[in-house]
Amino acid sequence: MEVEGIADLPLHTGHVPPWLVPIMKRLSKAIIEIMLIEWGPSKVIERFSNPLWFQAFNNAIGMDWDSSGSTTVTLGILKEVVDPKTHGFAVLGGKGKNALKVQDEIEILPYDVDKNRLKRISKIVAKVDTTLIQDGHQLYHHSLMVAEDGKWSIIQQGMNLETKFARRYHWKETENFVVEPHSAIAGVKNNIAVNVIERDKDKTRKLLLDLLREDPRKIISMYKQAEAMLKGQLTLDMWIKGGSIAIISKEARLVYMKPVEINRIQEILRKMYEIQPVTFEDALVNGLGPSTARALYLISDLIYNEPPSYKDPVNYPYDPFKYAFAIGGKDGVPYPVNRKVAWEVIYTLEDFISRAKLEEKDKEFSLKKLKGLIRDGDK
């Protein structure tokens, strides 16, 4: 299993009106409980790892069909209505400062799971979408979903103030964090992106790990050399060396020429040199960040002719907008929320849930009674 995808959403201002909040909470809880009856906790959180399914759920409960708030509000509501002990899964983290609480919230999970493993995964996933993929979006939301059996999904969101878009990253349980972990990616393509996750970039990834294990003084010297080469050809699209041509686009240059703190990079490189990371995961959890990675990408490209990818890994599978027609949308798209219909849907779903739970109790009672008759018969 791997990362499900990325979704780009326009930044919207505004808030959820007070009358809509109870509708969204009751409807979310009802849908979740029906899903739990059908699939169980692990499958439920796996569904949320798909960006298109998540958007459809968001549409169905009346939230904006395409806004950045569809992530923060929907996950905030889920965190409120999901009871870890009753529902068999938990929603941790959230927006801003709440994202930083994931490590502490993992510690108090009421499940017998490997909590240190979950803490490490949370850190790695956050770093992959800021360091191994640099697409102009700064993460500000990180939510971890954990099932009682230890299965996990992660939804996080980054913001690009220049394009006015937020990008949502969806993960489901995986052991692979660095080689084409994305599938079913939905969003708007950026012209500016640098990443090393593409499958055909094995040589680049190996070189980058080798560089992380090198003497920091050598790396800083090479970085300054590569930076000088880059600045010396601002009007060119190519740098010719050794009979080969490394193409650096105008957009890629913009990424590389962001401010870099040499002192900070030296500090990180010294730490990498001391620990000698074996994998990217080791480097990421021990402090490798966007600036240091960007410096290494430039060295890899201009000094060693092993460039990262400059492609933004986004496509357009399909649009879940049709689910916005369920009860309408907060901002009136495709039409204002129909309160009467919304409450009728809630009552209907809750009735289904009550009947299903009652049937389950009847089954349990009948089984117990049958077992008792069998025991009596043996006597």
# chains A, B, ... in the order shown; residues from 1 in each chain; ligands from 1

$ residues_around --residues "region 147-161 of chain A" --least-positions-apart "5" --cutoff "8 Å" --atoms "only C-alpha atoms" --output "ChimeraX atom specification"
/A:41-42,45-46,48-49,71,88-90,111-114,122,125-126,136-142,166-173

$ select_by_dssp --residues "region 57-278 of chain A" --states "helix (DSSP H, G or I)" --output "MDAnalysis selection string"
chainID A and resid 57:60 69:81 84:87 96:107 115:132 199:212 216:231 250:256 262:275

$ select_by_dssp --residues "region 97-289 of chain A" --states "strand (DSSP E)" --output "JSON, numbers by chain"
{"A": [133, 134, 138, 139, 140, 141, 142, 143, 144, 145, 146, 147, 152, 153, 154, 155, 156, 157, 158, 159, 160, 165, 166, 167, 168, 169, 170, 171, 172, 194, 195, 238, 239, 240, 241, 244, 245, 246, 247]}

$ closest_residue --among "A:Ile34, A:Ile124, A:Val81, A:Ile299" --to "Gly287 (chain A)" --atoms "only C-alpha atoms"
A:Ile124

$ residues_around --residues "Ala293 (chain A)" --least-positions-apart "5" --cutoff "8 Å" --atoms "only C-alpha atoms" --output "number ranges by chain"
A: 131-132, 288

$ write_last_selection --atoms "N, CA and C atoms" --output "PDB file, in the first residue's frame"
ATOM      1  N   THR A 131      10.403  18.057   1.721  1.00  0.00           N
ATOM      2  CA  THR A 131      11.833  17.964   1.423  1.00  0.00           C
ATOM      3  C   THR A 131      12.116  17.189   0.140  1.00  0.00           C
ATOM      4  N   LEU A 132      11.562  15.983   0.024  1.00  0.00           N
ATOM      5  CA  LEU A 132      11.793  15.196  -1.191  1.00  0.00           C
ATOM      6  C   LEU A 132      10.935  15.696  -2.346  1.00  0.00           C
ATOM      7  N   LEU A 288      17.219  16.337   8.088  1.00  0.00           N
ATOM      8  CA  LEU A 288      17.334  16.802   6.708  1.00  0.00           C
ATOM      9  C   LEU A 288      16.064  17.551   6.319  1.00  0.00           C
TER      10      LEU A 288
END

$ closest_residue --among "A:Lys79, A:Arg264, A:Arg270, A:Lys311" --to "Glu214 (chain A)" --atoms "only C-alpha atoms"
A:Arg270

$ closest_residue --among "A:Leu284, A:Ser291, A:Tyr297, A:Glu261" --to "Leu211 (chain A)" --atoms "only C-alpha atoms"
A:Tyr297

$ closest_residue --among "A:Arg213, A:Lys201, A:His87, A:Glu175" --to "Arg117 (chain A)" --atoms "only C-alpha atoms"
A:Glu175
